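S.K.: Before we start, here is the structure in question, set down as structure tokens.
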Amino acid sequence: MTLTRTRETTATHRAVVSPYWTFRRRDNLVGYLFIAPQLVGSVLFVLLPLGLVLWYSLHEWNVLAGTFQFTGGDNYTKLLNDPKLGEVLGGTAMFSVGLVVLNLSLALVLAILLNQRLRGTTFFRTLFFSPVVVSLVAWTIVWRFLLQADGGVNGLLGAVGVDGPNWLRGETTAMVSVVVVQVLKNVGLNMVLFLAALQGVPSQLHEAARVDGAGVWTRFVRITVPLISPTILLTSIITVVGSLQVFAQIAVLTQGGPGLSTTVLIYYLYQQAFQFHHFGYGATLSALLFAIVAALTFAQWRMRRKWVFHES
Amino acid sequence: MSPKLKITLYGLLCVLCVPFVFPTWWMVTSSFKPDSEIFAFPPALLPSSWDTSAYRQVFELQPFTTQYFNSLYIALLVTAGTMAVSAMAGYAFARIRFPGQNVLFVVVLIGLLIPSEVTIVPLFQMFHGLGLTDTHWPLILVPILGAPSVMATFIMRQFFISLPRELEEAARVDGLGRFGTFSKVALPLARPALGAVAIFTFLHSWNLYLEPIVFLSTPEKFTLPQALTQFVDAYGGPMWNIQLAAASLTALPILVVFVLAQRQFIEGLAHTGLKG
């Protein structure tokens, strides 16, 4: 005891043995404390629920009847034999593909238009962007109103002599409607990202290519597209994943109808779990949704190597 | 640029902006139209007489003031919370080296793959078990700590990585600790990224629809998106002018703020971590 104390004293005197709370240790502690809320949150509200989704999916669970029974892969067998699932997945695919293609191409067209040397582009940029800040359900309600048989859209069409359909009652027109309404709501975001990317394309490259005799289209395909490809990748990932989360628009515009034509996977999941109270099967559909999101994200990251020109 | 091309481009821009602007115009003007005029043909761009009865009914049929307050306070709380959580986590992942950092970062990033819609069933069960359904807790806690904040943490990390280290090193030579360096040097520099995170988070919370309809059942606790769809007649058909009046009240304040601050708004979004 005495010996240690002596040693300690001498050590302090000589200042050779460093204290326990070294700079490095304190820094580590700060690091852990800083990430703690996000880490705890991720475990509690992301990983634990994901585990529970998989666990629930192995059970027959009807909330109303109060049954919770382990049934192994029964829900997955049910999934494979679900007569509605094919139509739901087909509708989901049609919705997502339509949304992504229309959103990205319109965003690019708008960004190119706004990137011209014209007066007043800031004004138009504000107009195109404005739906992004309009409350989602408010936007959808207005469109539901506009798309009624005697609503504003058909009123405008009638003014130019076109007899418009009852948009939300036909299978194809309902699908077109939900896609277009969603694209108009959010295309401003991708437009702004594309615009920033276009402004980063050095004009000397275009000048040089023009001197070499390249036309507008060749310059666009050979210079602009490769240089903005990282932004195209980023926006396509965000838009694809976002398209699988579109719920409010469907719930307000069509309730998944007519028939199953606009019942996308997330809406089907909601119906099964919270309207028909099949929590176990709802969890199985969640697992499917997760698998689709993960697979698509992974595929897009892989594609990055093939066609994205350079990376930051 | 030739004048002919200029006119074509302006014409194109004007035609293209119709579907972006017309709905908002229609929403506001129709909310002032009397019932008889709302589906009139040909559609009138302005009401023949300005009728404000729909606005009165918005507040009579639903506890709309309370619902407005709910949405506002939840969105503000979620925004402030997400900014704090994501700034700290983003900074630590970008700047501090600690054991296990990469593994923990991957654990957090998994949240990007799992939209909160995927986990809505177990989240409901968890909050139900805690007796917190029909309260605002799930609408506040899950966005601040769960999947929605992961994107914010990612944006903040990318931004802090892009900042030059020298400023922080200088601050540390001057004797500021790690926390001082973060709060006095790094955080003020991160204002553009924080602005983008704030805008995104606010809009996300303001627009939330699935979560409120799953978690809430008392009208006094409803948030705006949920309240808007409640203005229906005895047969479940929408009462259009009242819905549109409520929708206008929901949309216009944010639209006005946006128009006033549109430059910072748009450029903030375009030039921060979102660029990749």
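Residues are named by chain letter and number: chains run A, B, ... in the order of the structure tokens, numbers start at 1 in each chain, and ligands are numbered from 1 in the order shown.
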Excluding Leu189 in chain B and its own-chain neighbours fewer than 5 positions away, which residues fall within 10 Å of it when counting only C-alpha atoms? Please give them as a list of chain:residue names.
M.R.: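 My list of contacting residues is B:Phe159, B:Phe160, B:Leu163, B:Phe182, B:Ser183, B:Lys184, B:Leu194.
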S.K.: Taking 3 positions as the minimum chain separation for residues in the same chain, which residues sit within 9 Å of Val246 in chain A when counting only C-alpha atoms? Answer as an MDAnalysis selection string.
M.R.: chainID A and resid 182 242:243 249:250 264 266:267
S.K.: Do you know which residues are at most 7 Å from range 98-109 of chain B counting only C-alpha atoms, after dropping those on the same chain fewer than 6 positions away, and could you put them as a list in words?
M.R.: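 In the requested format, the answer is Asn28, Gly31, Leu39 and Ser42 of chain A; Val150 of chain B.
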S.K.: Next, the residues of the selection above should be written as a tab-separated table (two decimals), in the first residue's frame with C-alpha atoms.
M.R.:
chain	number	residue	atom	x	y	z
A	28	ASN	CA	-13.89	8.34	-27.66
A	31	GLY	CA	-17.94	10.20	-29.90
A	39	LEU	CA	-27.82	4.59	-32.26
A	42	SER	CA	-31.95	2.94	-34.66
B	150	VAL	CA	-31.04	8.51	-40.45
S.K.: Give the alpha helix (DSSP H) residues of range 43-122 of chain B, as assigned by DSSP on the backbone, as number ranges by chain.
M.R.: B: 53-61, 64-95, 101-113, 120-122
S.K.: Pick out the chain A residues within 7 Å of chain B. Count only C-alpha atoms. Give them as a tab-separated table (two decimals) with N, CA and C atoms, in the first residue's frame.
M.R.:
chain	number	residue	atom	x	y	z
A	27	ASP	N	-12.05	11.73	-26.03
A	27	ASP	CA	-12.58	11.90	-27.37
A	27	ASP	C	-13.48	10.73	-27.76
A	28	ASN	N	-13.05	9.51	-27.40
A	28	ASN	CA	-13.89	8.34	-27.66
A	28	ASN	C	-15.24	8.49	-26.97
A	31	GLY	N	-17.43	10.85	-28.69
A	31	GLY	CA	-17.94	10.20	-29.90
A	31	GLY	C	-19.13	9.32	-29.59
A	34	PHE	N	-22.17	11.34	-28.60
A	34	PHE	CA	-22.78	12.05	-29.73
A	34	PHE	C	-23.63	11.13	-30.59
A	35	ILE	N	-23.19	9.88	-30.77
A	35	ILE	CA	-23.99	9.01	-31.63
A	35	ILE	C	-25.05	8.26	-30.83
A	37	PRO	N	-27.89	8.94	-29.10
A	37	PRO	CA	-29.33	9.04	-29.39
A	37	PRO	C	-29.71	8.36	-30.71
A	38	GLN	N	-28.92	8.61	-31.75
A	38	GLN	CA	-29.22	8.03	-33.04
A	38	GLN	C	-29.08	6.52	-33.03
A	39	LEU	N	-28.06	6.04	-32.31
A	39	LEU	CA	-27.82	4.59	-32.26
A	39	LEU	C	-28.94	3.89	-31.48
A	41	GLY	N	-31.90	5.01	-30.97
A	41	GLY	CA	-33.10	5.15	-31.79
A	41	GLY	C	-33.13	4.11	-32.90
A	42	SER	N	-31.99	3.91	-33.56
A	42	SER	CA	-31.95	2.94	-34.66
A	42	SER	C	-32.24	1.54	-34.16
A	45	PHE	N	-36.15	1.67	-32.86
A	45	PHE	CA	-37.23	1.99	-33.79
A	45	PHE	C	-36.98	1.49	-35.21
A	46	VAL	N	-35.82	0.87	-35.46
A	46	VAL	CA	-35.57	0.32	-36.79
A	46	VAL	C	-35.25	-1.17	-36.71
A	49	PRO	N	-37.96	-3.34	-34.48
A	49	PRO	CA	-39.21	-3.58	-35.24
A	49	PRO	C	-38.98	-4.47	-36.45
A	50	LEU	N	-37.80	-4.35	-37.09
A	50	LEU	CA	-37.55	-5.21	-38.25
A	50	LEU	C	-37.52	-6.67	-37.82
A	52	LEU	N	-39.01	-7.85	-35.23
A	52	LEU	CA	-40.38	-8.20	-34.87
A	52	LEU	C	-41.23	-8.50	-36.09
A	53	VAL	N	-40.99	-7.74	-37.19
A	53	VAL	CA	-41.73	-8.00	-38.43
A	53	VAL	C	-41.53	-9.46	-38.83
A	126	THR	N	-39.60	28.92	-58.91
A	126	THR	CA	-40.45	28.99	-57.72
A	126	THR	C	-41.80	28.32	-57.98
A	127	LEU	N	-42.38	28.59	-59.16
A	127	LEU	CA	-43.69	28.00	-59.48
A	127	LEU	C	-43.61	26.47	-59.55
A	128	PHE	N	-42.60	25.95	-60.26
A	128	PHE	CA	-42.48	24.50	-60.40
A	128	PHE	C	-42.21	23.82	-59.06
A	131	PRO	N	-45.42	23.10	-55.38
A	131	PRO	CA	-46.18	21.97	-54.82
A	131	PRO	C	-45.42	21.19	-53.75
A	133	VAL	N	-43.94	22.26	-51.24
A	133	VAL	CA	-44.22	22.77	-49.89
A	133	VAL	C	-45.72	22.81	-49.58
A	134	VAL	N	-46.55	22.47	-50.55
A	134	VAL	CA	-47.99	22.39	-50.26
A	134	VAL	C	-48.24	21.08	-49.52
A	135	SER	N	-48.96	21.17	-48.42
A	135	SER	CA	-49.25	19.99	-47.62
A	135	SER	C	-49.77	18.85	-48.51
A	136	LEU	N	-49.21	17.66	-48.31
A	136	LEU	CA	-49.48	16.52	-49.18
A	136	LEU	C	-50.97	16.18	-49.29
A	137	VAL	N	-51.65	16.10	-48.16
A	137	VAL	CA	-53.07	15.73	-48.22
A	137	VAL	C	-53.89	16.87	-48.84
A	138	ALA	N	-53.50	18.12	-48.56
A	138	ALA	CA	-54.19	19.25	-49.18
A	138	ALA	C	-54.08	19.15	-50.70
A	142	VAL	N	-57.23	18.54	-53.40
A	142	VAL	CA	-57.54	19.42	-54.52
A	142	VAL	C	-57.61	18.62	-55.81
A	143	TRP	N	-56.68	17.71	-55.99
A	143	TRP	CA	-56.67	16.92	-57.22
A	143	TRP	C	-57.86	15.97	-57.28
A	150	ASP	N	-67.23	16.00	-63.17
A	150	ASP	CA	-67.58	17.37	-63.55
A	150	ASP	C	-66.61	18.37	-62.93
A	151	GLY	N	-65.38	17.94	-62.66
A	151	GLY	CA	-64.39	18.79	-61.99
A	151	GLY	C	-63.61	19.69	-62.93
A	152	GLY	N	-62.61	20.33	-62.37
A	152	GLY	CA	-61.86	21.35	-63.09
A	152	GLY	C	-61.08	20.84	-64.29
A	155	GLY	N	-63.41	20.33	-66.94
A	155	GLY	CA	-63.88	21.67	-67.31
A	155	GLY	C	-62.92	22.32	-68.30
A	184	LEU	N	-46.33	15.59	-60.07
A	184	LEU	CA	-46.44	17.05	-59.99
A	184	LEU	C	-46.10	17.55	-58.58
A	192	VAL	N	-34.58	20.66	-58.96
A	192	VAL	CA	-33.59	21.52	-58.33
A	192	VAL	C	-32.23	20.82	-58.25
A	193	LEU	N	-32.25	19.52	-57.95
A	193	LEU	CA	-30.99	18.78	-57.88
A	193	LEU	C	-30.34	18.70	-59.27
A	196	ALA	N	-28.82	22.09	-60.19
A	196	ALA	CA	-27.52	22.30	-59.56
A	196	ALA	C	-26.44	21.51	-60.30
A	231	THR	N	-25.83	12.50	-60.09
A	231	THR	CA	-27.11	13.05	-59.63
A	231	THR	C	-28.26	12.19	-60.13
A	234	LEU	N	-28.44	9.26	-57.79
A	234	LEU	CA	-28.97	9.63	-56.47
A	234	LEU	C	-30.48	9.87	-56.53
A	245	GLN	N	-43.31	4.12	-50.94
A	245	GLN	CA	-43.86	4.61	-49.68
A	245	GLN	C	-45.09	5.47	-49.89
A	247	PHE	N	-48.48	6.47	-49.82
A	247	PHE	CA	-49.67	5.93	-49.17
A	247	PHE	C	-50.83	6.93	-49.14
A	248	ALA	N	-50.56	8.14	-48.63
A	248	ALA	CA	-51.63	9.13	-48.43
A	248	ALA	C	-52.36	9.42	-49.74
A	279	PHE	N	-52.64	-9.02	-38.41
A	279	PHE	CA	-51.31	-8.47	-38.14
A	279	PHE	C	-50.20	-9.38	-38.65
A	283	ALA	N	-47.50	-8.29	-41.34
A	283	ALA	CA	-46.05	-8.34	-41.11
A	283	ALA	C	-45.35	-9.08	-42.24
A	286	SER	N	-44.99	-6.73	-44.94
A	286	SER	CA	-43.91	-5.80	-44.60
A	286	SER	C	-42.55	-6.40	-44.96
A	289	LEU	N	-42.08	-6.12	-48.59
A	289	LEU	CA	-41.77	-4.74	-48.96
A	289	LEU	C	-40.30	-4.42	-48.66
A	290	PHE	N	-39.85	-4.87	-47.48
A	290	PHE	CA	-38.45	-4.65	-47.11
A	290	PHE	C	-37.51	-5.33	-48.10
A	293	VAL	N	-37.38	-3.24	-51.31
A	293	VAL	CA	-36.61	-2.00	-51.15
A	293	VAL	C	-35.11	-2.31	-51.10
A	294	ALA	N	-34.74	-3.33	-50.30
A	294	ALA	CA	-33.33	-3.67	-50.15
A	294	ALA	C	-32.75	-4.12	-51.48
S.K.: What's around Pro219 in chain B at 10 Å? Count only C-alpha atoms, leave out sequence neighbours fewer than 5 positions away in its own chain, and write the answer as a PyMOL selection string.
M.R.: chain B and resi 62-64+66-67+134+226-227+230
S.K.: Could you write out the selected residues, including N, CA and C atoms, as an mmCIF file, in the first residue's frame?
M.R.:
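Okay, this is what ended up in part-v4.cif:
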data_model
loop_
_atom_site.group_PDB
_atom_site.id
_atom_site.type_symbol
_atom_site.label_atom_id
_atom_site.label_comp_id
_atom_site.auth_asym_id
_atom_site.auth_seq_id
_atom_site.Cartn_x
_atom_site.Cartn_y
_atom_site.Cartn_z
ATOM 1 N N GLN B 62 -64.924 20.532 -36.732
ATOM 2 C CA GLN B 62 -63.784 19.827 -36.145
ATOM 3 C C GLN B 62 -63.108 20.771 -35.159
ATOM 4 N N PRO B 63 -62.413 20.213 -34.152
ATOM 5 C CA PRO B 63 -61.594 21.104 -33.304
ATOM 6 C C PRO B 63 -60.358 21.548 -34.079
ATOM 7 N N PHE B 64 -60.594 22.363 -35.118
ATOM 8 C CA PHE B 64 -59.537 22.617 -36.106
ATOM 9 C C PHE B 64 -58.367 23.403 -35.515
ATOM 10 N N THR B 66 -57.212 23.244 -32.448
ATOM 11 C CA THR B 66 -56.396 22.279 -31.697
ATOM 12 C C THR B 66 -55.585 21.414 -32.662
ATOM 13 N N GLN B 67 -56.241 20.966 -33.735
ATOM 14 C CA GLN B 67 -55.549 20.097 -34.691
ATOM 15 C C GLN B 67 -54.410 20.845 -35.378
ATOM 16 N N ASP B 134 -52.793 6.582 -29.330
ATOM 17 C CA ASP B 134 -53.651 7.751 -29.148
ATOM 18 C C ASP B 134 -52.967 8.838 -28.309
ATOM 19 N N GLN B 226 -54.814 14.328 -41.321
ATOM 20 C CA GLN B 226 -55.884 13.440 -40.927
ATOM 21 C C GLN B 226 -57.194 14.214 -40.795
ATOM 22 N N ALA B 227 -57.116 15.425 -40.233
ATOM 23 C CA ALA B 227 -58.318 16.231 -40.023
ATOM 24 C C ALA B 227 -58.960 16.594 -41.356
ATOM 25 N N GLN B 230 -61.617 14.419 -42.715
ATOM 26 C CA GLN B 230 -62.778 14.152 -41.857
ATOM 27 C C GLN B 230 -64.013 14.979 -42.236
#
